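As provided, data.pdb (PDB, C-alpha atoms and all ligand atoms) reads as follows.
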ATOM      1  CA  MET A   1     -13.610  28.130 -12.459
ATOM      2  CA  ARG A   2     -10.978  27.064  -9.933
ATOM      3  CA  ALA A   3      -9.844  29.071  -6.900
ATOM      4  CA  GLY A   4     -11.558  32.156  -8.297
ATOM      5  CA  ARG A   5      -9.946  31.927 -11.711
ATOM      6  CA  LEU A   6     -11.112  30.758 -15.093
ATOM      7  CA  ALA A   7      -9.212  27.474 -15.453
ATOM      8  CA  GLU A   8      -8.358  25.407 -18.496
ATOM      9  CA  PRO A   9     -10.863  22.542 -18.722
ATOM     10  CA  THR A  10      -9.589  19.076 -17.841
ATOM     11  CA  ASP A  11     -12.517  17.109 -19.289
ATOM     12  CA  VAL A  12     -11.536  17.588 -22.920
ATOM     13  CA  PRO A  13     -12.629  15.598 -26.011
ATOM     14  CA  GLN A  14      -9.028  14.384 -26.477
ATOM     15  CA  ARG A  15      -9.578  12.066 -23.500
ATOM     16  CA  LEU A  16     -11.432   9.723 -25.831
ATOM     17  CA  ASP A  17      -8.470   9.066 -28.150
ATOM     18  CA  PRO A  18      -6.257   7.045 -25.769
ATOM     19  CA  LEU A  19      -9.297   5.174 -24.409
ATOM     20  CA  LEU A  20     -10.398   4.146 -27.908
ATOM     21  CA  ALA A  21      -6.799   3.194 -28.733
ATOM     22  CA  ALA A  22      -6.676   0.939 -25.663
ATOM     23  CA  LEU A  23      -9.819  -0.844 -26.856
ATOM     24  CA  THR A  24      -8.275  -1.343 -30.297
ATOM     25  CA  ARG A  25      -5.109  -2.807 -28.742
ATOM     26  CA  HIS A  26      -7.308  -5.338 -26.961
ATOM     27  CA  GLY A  27      -9.162  -6.298 -30.141
ATOM     28  CA  ILE A  28     -12.380  -4.600 -29.036
ATOM     29  CA  THR A  29     -14.337  -2.914 -31.852
ATOM     30  CA  PRO A  30     -16.559  -0.112 -30.547
ATOM     31  CA  GLU A  31     -20.214   0.033 -31.552
ATOM     32  CA  MET A  32     -22.282   3.204 -31.824
ATOM     33  CA  PRO A  33     -25.239   3.336 -29.411
ATOM     34  CA  GLN A  34     -28.865   3.284 -30.479
ATOM     35  CA  ASP A  35     -30.854   6.493 -30.104
ATOM     36  CA  HIS A  36     -33.130   5.768 -27.147
ATOM     37  CA  GLY A  37     -34.484   9.308 -26.851
ATOM     38  CA  ARG A  38     -34.946  10.606 -23.318
ATOM     39  CA  ALA A  39     -36.472   7.430 -21.877
ATOM     40  CA  PRO A  40     -33.319   6.016 -20.217
ATOM     41  CA  ALA A  41     -32.504   9.370 -18.583
ATOM     42  CA  LEU A  42     -36.128   9.892 -17.528
ATOM     43  CA  ALA A  43     -35.967   6.621 -15.611
ATOM     44  CA  VAL A  44     -33.658   8.256 -13.027
ATOM     45  CA  HIS A  45     -33.979  12.030 -13.586
ATOM     46  CA  ALA A  46     -36.710  14.631 -13.020
ATOM     47  CA  PRO A  47     -38.533  15.574 -16.269
ATOM     48  CA  GLY A  48     -38.247  19.309 -15.573
ATOM     49  CA  TYR A  49     -34.492  18.975 -15.135
ATOM     50  CA  LEU A  50     -34.083  17.242 -18.505
ATOM     51  CA  ASP A  51     -36.316  19.868 -20.155
ATOM     52  CA  TYR A  52     -34.009  22.499 -18.691
ATOM     53  CA  LEU A  53     -30.819  20.815 -19.957
ATOM     54  CA  ALA A  54     -32.303  20.375 -23.433
ATOM     55  CA  THR A  55     -33.437  23.996 -23.808
ATOM     56  CA  ALA A  56     -31.238  26.156 -21.546
ATOM     57  CA  TYR A  57     -28.639  27.156 -24.122
ATOM     58  CA  GLN A  58     -31.227  28.431 -26.618
ATOM     59  CA  ARG A  59     -33.166  30.267 -23.900
ATOM     60  CA  TRP A  60     -29.908  31.804 -22.604
ATOM     61  CA  GLN A  61     -29.443  33.510 -25.968
ATOM     62  CA  ASP A  62     -32.511  35.663 -25.252
ATOM     63  CA  LEU A  63     -30.853  37.297 -22.239
ATOM     64  CA  PRO A  64     -29.529  40.775 -22.827
ATOM     65  CA  ASN A  65     -25.711  40.516 -22.965
ATOM     66  CA  ALA A  66     -25.831  36.693 -22.776
ATOM     67  CA  GLY A  67     -22.397  35.150 -22.228
ATOM     68  CA  PRO A  68     -21.074  32.319 -24.384
ATOM     69  CA  GLU A  69     -22.065  29.583 -21.915
ATOM     70  CA  VAL A  70     -24.881  28.987 -19.456
ATOM     71  CA  LEU A  71     -23.502  29.340 -15.903
ATOM     72  CA  PRO A  72     -25.292  29.939 -12.575
ATOM     73  CA  ASN A  73     -24.994  33.078 -10.493
ATOM     74  CA  LEU A  74     -27.321  31.718  -7.784
ATOM     75  CA  SER A  75     -27.082  28.636  -5.580
ATOM     76  CA  PRO A  76     -30.431  28.262  -3.806
ATOM     77  CA  TYR A  77     -30.501  26.610  -0.410
ATOM     78  CA  TRP A  78     -32.180  23.238  -0.190
ATOM     79  CA  ASN A  79     -32.470  21.416   3.085
ATOM     80  CA  ALA A  80     -32.137  17.906   1.734
ATOM     81  CA  VAL A  81     -34.330  15.316   3.413
ATOM     82  CA  PRO A  82     -32.923  11.867   2.580
ATOM     83  CA  GLY A  83     -35.027  10.122  -0.007
ATOM     84  CA  MET A  84     -37.117  13.201  -0.795
ATOM     85  CA  GLN A  85     -37.003  14.753  -4.244
ATOM     86  CA  ARG A  86     -36.893  18.529  -4.706
ATOM     87  CA  PRO A  87     -40.008  19.964  -6.370
ATOM     88  CA  PRO A  88     -39.521  21.427  -9.866
ATOM     89  CA  CYS A  89     -38.026  24.924  -9.925
ATOM     90  CA  PRO A  90     -40.883  27.284  -8.984
ATOM     91  CA  SER A  91     -39.743  29.927 -11.497
ATOM     92  CA  GLU A  92     -39.729  29.777 -15.285
ATOM     93  CA  ALA A  93     -36.919  32.347 -15.483
ATOM     94  CA  ILE A  94     -33.741  31.023 -17.091
ATOM     95  CA  ILE A  95     -31.541  32.689 -14.440
ATOM     96  CA  ALA A  96     -33.552  31.035 -11.651
ATOM     97  CA  GLN A  97     -33.563  27.600 -13.290
ATOM     98  CA  THR A  98     -29.837  27.798 -14.004
ATOM     99  CA  GLY A  99     -29.178  28.396 -10.302
ATOM    100  CA  TYR A 100     -31.576  25.599  -9.403
ATOM    101  CA  TYR A 101     -30.318  22.933 -11.809
ATOM    102  CA  LEU A 102     -26.587  23.658 -12.273
ATOM    103  CA  GLY A 103     -24.909  22.930  -8.963
ATOM    104  CA  ASP A 104     -21.491  24.504  -9.500
ATOM    105  CA  LEU A 105     -19.234  26.293 -11.979
ATOM    106  CA  ALA A 106     -17.903  23.076 -13.543
ATOM    107  CA  VAL A 107     -21.102  22.358 -15.483
ATOM    108  CA  PRO A 108     -21.455  25.082 -18.117
ATOM    109  CA  LEU A 109     -23.828  24.492 -21.023
ATOM    110  CA  GLY A 110     -22.654  25.375 -24.533
ATOM    111  CA  PRO A 111     -24.331  24.966 -27.928
ATOM    112  CA  ASP A 112     -23.441  21.260 -28.211
ATOM    113  CA  SER A 113     -23.695  20.193 -24.564
ATOM    114  CA  TRP A 114     -27.137  18.594 -24.769
ATOM    115  CA  ILE A 115     -26.122  16.546 -27.824
ATOM    116  CA  SER A 116     -23.231  15.061 -25.826
ATOM    117  CA  ILE A 117     -25.220  14.640 -22.618
ATOM    118  CA  ILE A 118     -28.075  12.717 -24.221
ATOM    119  CA  ALA A 119     -25.660  10.686 -26.379
ATOM    120  CA  ALA A 120     -23.753   9.607 -23.252
ATOM    121  CA  SER A 121     -27.065   8.384 -21.810
ATOM    122  CA  HIS A 122     -27.608   6.343 -24.986
ATOM    123  CA  VAL A 123     -24.142   4.819 -24.645
ATOM    124  CA  ALA A 124     -24.936   3.733 -21.072
ATOM    125  CA  ALA A 125     -28.342   2.366 -22.074
ATOM    126  CA  SER A 126     -26.919   0.421 -25.016
ATOM    127  CA  ALA A 127     -24.140  -1.032 -22.846
ATOM    128  CA  ALA A 128     -26.772  -2.162 -20.351
ATOM    129  CA  ASP A 129     -28.844  -3.646 -23.174
ATOM    130  CA  ALA A 130     -25.831  -5.712 -24.284
ATOM    131  CA  VAL A 131     -25.662  -7.292 -20.829
ATOM    132  CA  LEU A 132     -29.448  -7.732 -20.761
ATOM    133  CA  SER A 133     -29.020  -9.663 -24.032
ATOM    134  CA  GLY A 134     -26.523 -12.019 -22.423
ATOM    135  CA  ALA A 135     -23.111 -10.400 -22.843
ATOM    136  CA  PRO A 136     -20.978 -11.084 -19.754
ATOM    137  CA  ALA A 137     -19.535  -7.565 -19.851
ATOM    138  CA  SER A 138     -19.762  -4.289 -21.728
ATOM    139  CA  TYR A 139     -17.958  -0.959 -21.556
ATOM    140  CA  ALA A 140     -19.702   2.405 -21.978
ATOM    141  CA  LEU A 141     -17.312   5.095 -23.183
ATOM    142  CA  CYS A 142     -19.372   8.003 -21.896
ATOM    143  CA  ARG A 143     -18.426  11.662 -22.047
ATOM    144  CA  PRO A 144     -19.506  13.679 -20.163
ATOM    145  CA  SER A 145     -19.193  11.492 -17.074
ATOM    146  CA  GLY A 146     -22.210  10.981 -14.868
ATOM    147  CA  HIS A 147     -21.615  10.004 -11.264
ATOM    148  CA  HIS A 148     -21.953  13.515  -9.754
ATOM    149  CA  ALA A 149     -25.282  14.105 -11.528
ATOM    150  CA  ARG A 150     -28.182  13.978  -9.096
ATOM    151  CA  ALA A 151     -31.788  13.309 -10.064
ATOM    152  CA  ASP A 152     -32.303  17.009 -10.739
ATOM    153  CA  ARG A 153     -28.933  18.728 -10.578
ATOM    154  CA  ALA A 154     -25.716  18.817 -12.629
ATOM    155  CA  ASN A 155     -22.419  18.957 -10.713
ATOM    156  CA  GLY A 156     -18.723  18.353 -11.231
ATOM    157  CA  PHE A 157     -18.553  17.854 -15.051
ATOM    158  CA  CYS A 158     -21.651  15.583 -14.851
ATOM    159  CA  TYR A 159     -25.179  16.239 -16.154
ATOM    160  CA  VAL A 160     -26.941  12.906 -16.598
ATOM    161  CA  ASN A 161     -25.999   9.916 -14.439
ATOM    162  CA  ASN A 162     -24.883   7.260 -16.906
ATOM    163  CA  ALA A 163     -24.147   4.628 -14.233
ATOM    164  CA  ALA A 164     -27.574   5.119 -12.637
ATOM    165  CA  ILE A 165     -29.210   4.798 -16.057
ATOM    166  CA  ALA A 166     -27.402   1.507 -16.650
ATOM    167  CA  ALA A 167     -28.250   0.229 -13.154
ATOM    168  CA  GLN A 168     -31.926   1.102 -13.535
ATOM    169  CA  ARG A 169     -32.003  -0.626 -16.928
ATOM    170  CA  LEU A 170     -30.432  -3.811 -15.525
ATOM    171  CA  ARG A 171     -33.221  -3.921 -12.941
ATOM    172  CA  GLU A 172     -35.552  -5.042 -15.769
ATOM    173  CA  LYS A 173     -33.882  -8.453 -15.535
ATOM    174  CA  PHE A 174     -31.902  -8.572 -12.293
ATOM    175  CA  ALA A 175     -33.677  -8.184  -8.940
ATOM    176  CA  ARG A 176     -30.631  -6.831  -7.105
ATOM    177  CA  VAL A 177     -28.030  -4.648  -8.779
ATOM    178  CA  ALA A 178     -24.859  -3.156  -7.279
ATOM    179  CA  VAL A 179     -22.956  -0.048  -8.362
ATOM    180  CA  LEU A 180     -19.277   0.058  -7.445
ATOM    181  CA  ASP A 181     -17.639   3.462  -7.956
ATOM    182  CA  VAL A 182     -13.815   3.490  -7.980
ATOM    183  CA  ASP A 183     -13.406   7.036  -9.353
ATOM    184  CA  ALA A 184     -11.274   9.261  -7.092
ATOM    185  CA  HIS A 185     -14.346  11.352  -6.228
ATOM    186  CA  HIS A 186     -17.352  10.221  -4.216
ATOM    187  CA  GLY A 187     -20.199   9.145  -6.512
ATOM    188  CA  ASP A 188     -22.599  11.534  -4.798
ATOM    189  CA  GLY A 189     -25.175  11.648  -7.587
ATOM    190  CA  THR A 190     -25.442   7.864  -7.804
ATOM    191  CA  GLN A 191     -25.701   7.637  -4.026
ATOM    192  CA  GLU A 192     -28.519  10.176  -3.937
ATOM    193  CA  ILE A 193     -30.523   8.579  -6.743
ATOM    194  CA  PHE A 194     -30.639   5.189  -5.003
ATOM    195  CA  TYR A 195     -30.337   6.312  -1.378
ATOM    196  CA  ALA A 196     -33.852   5.277  -0.326
ATOM    197  CA  ARG A 197     -33.960   2.056  -2.392
ATOM    198  CA  GLY A 198     -33.113  -1.424  -1.231
ATOM    199  CA  ASP A 199     -32.853  -3.015  -4.686
ATOM    200  CA  VAL A 200     -29.722  -1.134  -5.799
ATOM    201  CA  LEU A 201     -26.618  -1.207  -3.607
ATOM    202  CA  THR A 202     -24.244   1.722  -4.065
ATOM    203  CA  VAL A 203     -20.623   1.434  -2.907
ATOM    204  CA  SER A 204     -18.117   4.229  -3.514
ATOM    205  CA  MET A 205     -14.409   4.296  -2.675
ATOM    206  CA  HIS A 206     -12.781   7.684  -3.039
ATOM    207  CA  ALA A 207     -10.419  10.265  -1.596
ATOM    208  CA  ASP A 208     -11.472  11.480   1.853
ATOM    209  CA  PRO A 209     -14.194  14.115   1.265
ATOM    210  CA  LYS A 210     -12.923  16.118   4.243
ATOM    211  CA  ILE A 211     -10.109  17.258   1.938
ATOM    212  CA  TYR A 212     -11.469  16.611  -1.575
ATOM    213  CA  TYR A 213     -14.452  17.263  -3.829
ATOM    214  CA  PRO A 214     -17.438  16.763  -3.363
ATOM    215  CA  PHE A 215     -16.718  17.546   0.348
ATOM    216  CA  PHE A 216     -20.323  17.371   1.609
ATOM    217  CA  THR A 217     -20.972  13.675   1.021
ATOM    218  CA  GLY A 218     -18.994  10.447   0.868
ATOM    219  CA  TYR A 219     -18.655   9.746   4.577
ATOM    220  CA  GLU A 220     -18.879   6.321   6.194
ATOM    221  CA  ALA A 221     -21.936   7.309   8.229
ATOM    222  CA  GLU A 222     -24.064   7.596   5.055
ATOM    223  CA  ARG A 223     -25.626   4.131   4.932
ATOM    224  CA  GLY A 224     -28.920   4.688   3.079
ATOM    225  CA  HIS A 225     -32.418   5.664   4.166
ATOM    226  CA  GLY A 226     -35.778   3.927   4.608
ATOM    227  CA  GLU A 227     -35.910   0.826   2.396
ATOM    228  CA  GLY A 228     -32.375   1.739   1.333
ATOM    229  CA  ALA A 229     -30.993   1.580   4.880
ATOM    230  CA  GLY A 230     -27.818  -0.499   4.700
ATOM    231  CA  ALA A 231     -27.696  -0.376   0.880
ATOM    232  CA  ASN A 232     -25.135   2.419   0.630
ATOM    233  CA  ARG A 233     -21.487   2.254   1.638
ATOM    234  CA  ASN A 234     -18.665   4.791   1.436
ATOM    235  CA  ILE A 235     -14.979   3.929   1.756
ATOM    236  CA  PRO A 236     -12.881   7.097   2.085
ATOM    237  CA  MET A 237      -9.157   6.773   1.352
ATOM    238  CA  PRO A 238      -6.329   9.018   2.623
ATOM    239  CA  ARG A 239      -4.341  11.449   0.513
ATOM    240  CA  GLY A 240      -1.667   9.556  -1.438
ATOM    241  CA  ALA A 241      -3.392   6.159  -1.051
ATOM    242  CA  SER A 242      -1.206   3.411  -2.587
ATOM    243  CA  ASP A 243      -2.113   0.460  -4.800
ATOM    244  CA  GLU A 244      -2.219  -1.623  -1.620
ATOM    245  CA  ASP A 245      -4.725   0.760  -0.001
ATOM    246  CA  PHE A 246      -6.743   0.864  -3.237
ATOM    247  CA  HIS A 247      -6.900  -2.931  -3.545
ATOM    248  CA  GLY A 248      -7.767  -3.312   0.141
ATOM    249  CA  ALA A 249     -10.733  -0.984  -0.409
ATOM    250  CA  ILE A 250     -11.782  -2.931  -3.517
ATOM    251  CA  ASP A 251     -11.661  -6.264  -1.674
ATOM    252  CA  SER A 252     -13.793  -4.818   1.099
ATOM    253  CA  ALA A 253     -16.257  -3.332  -1.405
ATOM    254  CA  LEU A 254     -16.538  -6.652  -3.264
ATOM    255  CA  ALA A 255     -17.290  -8.444   0.009
ATOM    256  CA  THR A 256     -20.162  -5.992   0.615
ATOM    257  CA  ILE A 257     -21.472  -6.605  -2.912
ATOM    258  CA  ARG A 258     -21.374 -10.391  -2.396
ATOM    259  CA  ALA A 259     -23.146 -10.096   0.954
ATOM    260  CA  PHE A 260     -25.871  -7.954  -0.668
ATOM    261  CA  GLY A 261     -26.583 -10.779  -3.124
ATOM    262  CA  ALA A 262     -26.141  -8.637  -6.233
ATOM    263  CA  GLU A 263     -27.051 -10.362  -9.501
ATOM    264  CA  ALA A 264     -25.379  -7.792 -11.748
ATOM    265  CA  LEU A 265     -22.840  -5.000 -11.363
ATOM    266  CA  ILE A 266     -22.250  -1.496 -12.676
ATOM    267  CA  LEU A 267     -18.640  -0.352 -12.335
ATOM    268  CA  SER A 268     -18.116   3.415 -12.362
ATOM    269  CA  LEU A 269     -14.527   3.416 -13.586
ATOM    270  CA  GLY A 270     -12.538   6.629 -13.201
ATOM    271  CA  PHE A 271      -8.801   6.982 -13.657
ATOM    272  CA  ASP A 272      -8.376  10.168 -11.616
ATOM    273  CA  SER A 273      -7.119   8.053  -8.686
ATOM    274  CA  HIS A 274      -3.895   7.754 -10.726
ATOM    275  CA  ARG A 275      -0.898   9.408  -9.069
ATOM    276  CA  ASP A 276      -0.302  11.638 -12.137
ATOM    277  CA  ASP A 277      -3.842  12.964 -12.446
ATOM    278  CA  PRO A 278      -3.849  16.782 -12.634
ATOM    279  CA  ILE A 279      -6.763  17.132 -10.201
ATOM    280  CA  GLY A 280      -6.143  13.942  -8.177
ATOM    281  CA  ILE A 281      -4.669  13.421  -4.681
ATOM    282  CA  LEU A 282      -4.379   9.608  -4.613
ATOM    283  CA  GLY A 283      -1.264   7.557  -5.426
ATOM    284  CA  VAL A 284      -2.582   4.681  -7.548
ATOM    285  CA  THR A 285      -0.256   3.460 -10.334
ATOM    286  CA  THR A 286      -1.233   2.380 -13.840
ATOM    287  CA  ALA A 287      -0.733  -1.264 -12.840
ATOM    288  CA  GLY A 288      -3.065  -0.680  -9.894
ATOM    289  CA  PHE A 289      -6.041  -0.681 -12.256
ATOM    290  CA  GLY A 290      -5.231  -4.284 -13.176
ATOM    291  CA  GLY A 291      -6.343  -5.213  -9.676
ATOM    292  CA  VAL A 292      -9.724  -3.582 -10.313
ATOM    293  CA  GLY A 293     -10.223  -5.667 -13.459
ATOM    294  CA  ARG A 294      -9.161  -8.906 -11.738
ATOM    295  CA  GLY A 295     -11.410  -8.326  -8.740
ATOM    296  CA  ILE A 296     -14.424  -7.449 -10.885
ATOM    297  CA  ARG A 297     -14.011 -10.524 -13.087
ATOM    298  CA  GLN A 298     -13.558 -12.822 -10.102
ATOM    299  CA  LEU A 299     -16.812 -11.511  -8.669
ATOM    300  CA  GLY A 300     -18.381 -13.419 -11.580
ATOM    301  CA  LEU A 301     -21.369 -11.123 -12.153
ATOM    302  CA  PRO A 302     -22.533  -9.650 -15.467
ATOM    303  CA  VAL A 303     -20.986  -6.182 -15.508
ATOM    304  CA  VAL A 304     -21.490  -2.862 -17.286
ATOM    305  CA  VAL A 305     -18.352  -0.745 -16.991
ATOM    306  CA  VAL A 306     -19.133   2.977 -17.263
ATOM    307  CA  GLN A 307     -16.330   5.457 -17.914
ATOM    308  CA  GLU A 308     -16.196   8.284 -15.370
ATOM    309  CA  GLY A 309     -13.241  10.667 -14.764
ATOM    310  CA  GLY A 310      -9.495  10.546 -15.397
ATOM    311  CA  TYR A 311      -7.792  13.582 -16.878
ATOM    312  CA  GLN A 312      -4.129  12.761 -17.504
ATOM    313  CA  ILE A 313      -4.312  12.002 -21.212
ATOM    314  CA  GLU A 314      -0.826  10.439 -21.205
ATOM    315  CA  VAL A 315      -1.855   7.667 -18.763
ATOM    316  CA  ILE A 316      -5.592   6.963 -19.034
ATOM    317  CA  GLY A 317      -5.237   4.712 -22.092
ATOM    318  CA  ASP A 318      -2.722   2.556 -20.248
ATOM    319  CA  CYS A 319      -4.985   2.549 -17.185
ATOM    320  CA  LEU A 320      -7.846   1.153 -19.273
ATOM    321  CA  GLY A 321      -5.412  -1.330 -20.832
ATOM    322  CA  ALA A 322      -4.275  -2.492 -17.379
ATOM    323  CA  PHE A 323      -7.912  -2.818 -16.310
ATOM    324  CA  LEU A 324      -8.726  -4.963 -19.362
ATOM    325  CA  ASP A 325      -5.615  -7.126 -18.870
ATOM    326  CA  GLY A 326      -6.612  -7.679 -15.243
ATOM    327  CA  PHE A 327     -10.180  -8.484 -16.255
ATOM    328  CA  VAL A 328      -8.988 -11.143 -18.710
ATOM    329  CA  GLN A 329      -6.600 -12.644 -16.125
ATOM    330  CA  GLY A 330      -9.383 -12.698 -13.545
TER     331      GLY A 330
HETATM  332 ZN    ZN A 401     -13.523  11.886 -10.518
END

Mind converting the file's structure to structure tokens?
Amino acid sequence: MRAGRLAEPTDVPQRLDPLLAALTRHGITPEMPQDHGRAPALAVHAPGYLDYLATAYQRWQDLPNAGPEVLPNLSPYWNAVPGMQRPPCPSEAIIAQTGYYLGDLAVPLGPDSWISIIAASHVAASAADAVLSGAPASYALCRPSGHHARADRANGFCYVNNAAIAAQRLREKFARVAVLDVDAHHGDGTQEIFYARGDVLTVSMHADPKIYYPFFTGYEAERGHGEGAGANRNIPMPRGASDEDFHGAIDSALATIRAFGAEALILSLGFDSHRDDPIGILGVTTAGFGGVGRGIRQLGLPVVVVQEGGYQIEVIGDCLGAFLDGFVQG
């Protein structure tokens, strides 16, 4: 739903084709992930939330006059205390749980949603395992994306937080892990999951939330809570931000990651900061993503790159190609 109308979806399966083609052009042969079950997702998500995602579509069918997809018609108020997890939904009713666990109208559940959601978590886990086994870098081609998924709530095309899963997995070997999110939208789910932790630094650069989704988070004043105080940083960028603005934000983010003493990095890589993105407001060019790759490589840390957004099918393959070229140059 957009502006009160049913809108054509932008996160379509065809997004994968140009991304896979870009890998092929760079001589990268994709591997299928191992089936890790729910364990990787359970490491960062509430069990009741995952139970809901796994079963909601079937339970929805029992409603009289059930529609073709699970969508909320309630949005319960929750006065978020930083670092405090919501209790499980107090009601067993599917309508109540759908309001509780689906945060907006961009996260419908259809018959195959859970298959994709859990598979994306396996992709992230397997990419992290490659780095745990000594690979200097890996790329997780996840769909759906994950960075808006909170510990117990789906939002903004995201259900399970693939970047958080990878970060948590890297903690098995690396004492301090950083997540850098360069998607056009604030990585609100990733921020929330690690907000009260000092072992995982989260840095997000994104279009100014005063004028762009997710609106309610992504401000500079959000710096973490408790043991996580100082381990969260937001870098809002103005409408139409250029490659120069984008690279300035990246340099600043990388300096924060160095100062934190990160031993490994997760990069949440979205291409919706591209100037041609249908839902974007930033002005980054295709070549601009080369600067991301260069900067990440020069940081010199083991890195798991996790695919997030980017909806202009004509450009996202070239964006990934520019990123990979930059990474090799770096
Ligand atoms: Zn995005």

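Residues with any atom within 7 Å of region 14-18 of chain A, counting all atoms listed in the file and excluding same-chain neighbours fewer than 2 positions away, are Val12, Leu20, Ala21, Ala22, Ile313, Ile316 and Gly317 of chain A.
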
Site check for ligand ZN 401 (chain A): residues at most 7 Å away, only C-alpha atoms and all ligand atoms, as JSON, numbers by chain: {"A": [183, 184, 185, 270, 272, 308, 309, 310]}

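One finds CA of Met1 (chain A) at 20.0 Å from CA of Gln97 (chain A).
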
Given the PyMOL selection byres (((chain A and resi 177) around 8) and not hetatm) and the file above, list the residues it selects as a ChimeraX atom specification. /A:167,170-171,174-176,178-179,199-201,262-266

If you keep C-alpha atoms, can you produce a file of those selected residues as a short mmCIF file (atom, residue, chain, number, x, y, z; two decimals), keeping the file's coordinate frame?
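result.cif was written with the following content:
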data_model
loop_
_atom_site.label_atom_id
_atom_site.label_comp_id
_atom_site.auth_asym_id
_atom_site.auth_seq_id
_atom_site.Cartn_x
_atom_site.Cartn_y
_atom_site.Cartn_z
CA ALA A 167 -28.25 0.23 -13.15
CA LEU A 170 -30.43 -3.81 -15.52
CA ARG A 171 -33.22 -3.92 -12.94
CA PHE A 174 -31.90 -8.57 -12.29
CA ALA A 175 -33.68 -8.18 -8.94
CA ARG A 176 -30.63 -6.83 -7.10
CA ALA A 178 -24.86 -3.16 -7.28
CA VAL A 179 -22.96 -0.05 -8.36
CA ASP A 199 -32.85 -3.02 -4.69
CA VAL A 200 -29.72 -1.13 -5.80
CA LEU A 201 -26.62 -1.21 -3.61
CA ALA A 262 -26.14 -8.64 -6.23
CA GLU A 263 -27.05 -10.36 -9.50
CA ALA A 264 -25.38 -7.79 -11.75
CA LEU A 265 -22.84 -5.00 -11.36
CA ILE A 266 -22.25 -1.50 -12.68
#

Written as an MDAnalysis selection string, which residues does the PyMOL selection byres (((chain A and resi 318) around 12) and not hetatm) give for the file shown? chainID A and resid 17:23 25:26 271 274 285:290 310 312:317 319:325

Let me have the centre and edge lengths of the axis-aligned box enclosing all listed atoms of region 292-299 of chain A with 3 Å padding on every side, in Å to one decimal, as lines of an AutoDock Vina configuration file.
center_x = -13.0
center_y = -8.2
center_z = -11.1
size_x = 13.7
size_y = 15.2
size_z = 10.8

Between CA of Leu269 (chain A) and CA of Ala154 (chain A), distance in Å (one decimal): 19.1 Å

Test item: the PyMOL selection byres (((chain A and resi 204) around 7) and not hetatm) resolved as a tab-separated table (two decimals) with C-alpha atoms, keeping the file's coordinate frame:
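Below is the file selection-v1.tsv, written as the result:
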chain	number	residue	atom	x	y	z
A	180	LEU	CA	-19.28	0.06	-7.44
A	181	ASP	CA	-17.64	3.46	-7.96
A	182	VAL	CA	-13.82	3.49	-7.98
A	186	HIS	CA	-17.35	10.22	-4.22
A	187	GLY	CA	-20.20	9.14	-6.51
A	202	THR	CA	-24.24	1.72	-4.07
A	203	VAL	CA	-20.62	1.43	-2.91
A	205	MET	CA	-14.41	4.30	-2.68
A	206	HIS	CA	-12.78	7.68	-3.04
A	233	ARG	CA	-21.49	2.25	1.64
A	234	ASN	CA	-18.66	4.79	1.44
A	235	ILE	CA	-14.98	3.93	1.76

Thr217 (chain A): which residues within 10 Å, counting all atoms listed in the file, same-chain residues fewer than 6 positions away excluded, as a PyMOL selection string? chain A and resi 186-189+191-192+208-210+234

Distance cut-off 9 Å, centre (-7.6, 21.3, -11.1) in file coordinates, counting all atoms listed in the file: which residues qualify? Return them as a VMD selection string. chain A and resid 2 7 to 10 278 to 280

Closest of A:Asp11, A:Arg86, A:Pro136, A:Leu63 to Ala106 (chain A) - atom-to-atom distances counting all atoms listed in the file: A:Asp11

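Of the listed residues (A:Phe246, A:Tyr52, A:Tyr100, A:Trp60), A:Tyr100 comes nearest to Ser75 (chain A); the distances count all atoms listed in the file.
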
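When the distance limit is 7 Å and only C-alpha atoms are what count, the residues near Leu109 (chain A), minus those fewer than 3 positions from it on the same chain, are Tyr57, Glu69, Val70 and Ser113 of chain A.
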
Exercise: Ala130 (chain A) partners within 12 Å, all atoms listed in the file, chain neighbours under 4 positions left out, as a ChimeraX atom specification: /A:31,33-34,123-126,134-140,166,169-170,302-305

Could you list, as an mmCIF file with C-alpha atoms, keeping the file's coordinate frame, every residue within 7 Å of region 222-227 of chain A, counting only C-alpha atoms and ignoring same-chain residues fewer than 2 positions away?
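Wrote it out as selection_11.cif, contents follow:
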data_model
loop_
_atom_site.group_PDB
_atom_site.id
_atom_site.type_symbol
_atom_site.label_atom_id
_atom_site.label_comp_id
_atom_site.auth_asym_id
_atom_site.auth_seq_id
_atom_site.Cartn_x
_atom_site.Cartn_y
_atom_site.Cartn_z
ATOM 1 C CA PRO A 82 -32.923 11.867 2.580
ATOM 2 C CA GLY A 83 -35.027 10.122 -0.007
ATOM 3 C CA TYR A 195 -30.337 6.312 -1.378
ATOM 4 C CA ALA A 196 -33.852 5.277 -0.326
ATOM 5 C CA ARG A 197 -33.960 2.056 -2.392
ATOM 6 C CA GLY A 198 -33.113 -1.424 -1.231
ATOM 7 C CA TYR A 219 -18.655 9.746 4.577
ATOM 8 C CA GLU A 220 -18.879 6.321 6.194
ATOM 9 C CA ALA A 229 -30.993 1.580 4.880
ATOM 10 C CA GLY A 230 -27.818 -0.499 4.700
ATOM 11 C CA ALA A 231 -27.696 -0.376 0.880
ATOM 12 C CA ASN A 232 -25.135 2.419 0.630
ATOM 13 C CA ARG A 233 -21.487 2.254 1.638
#
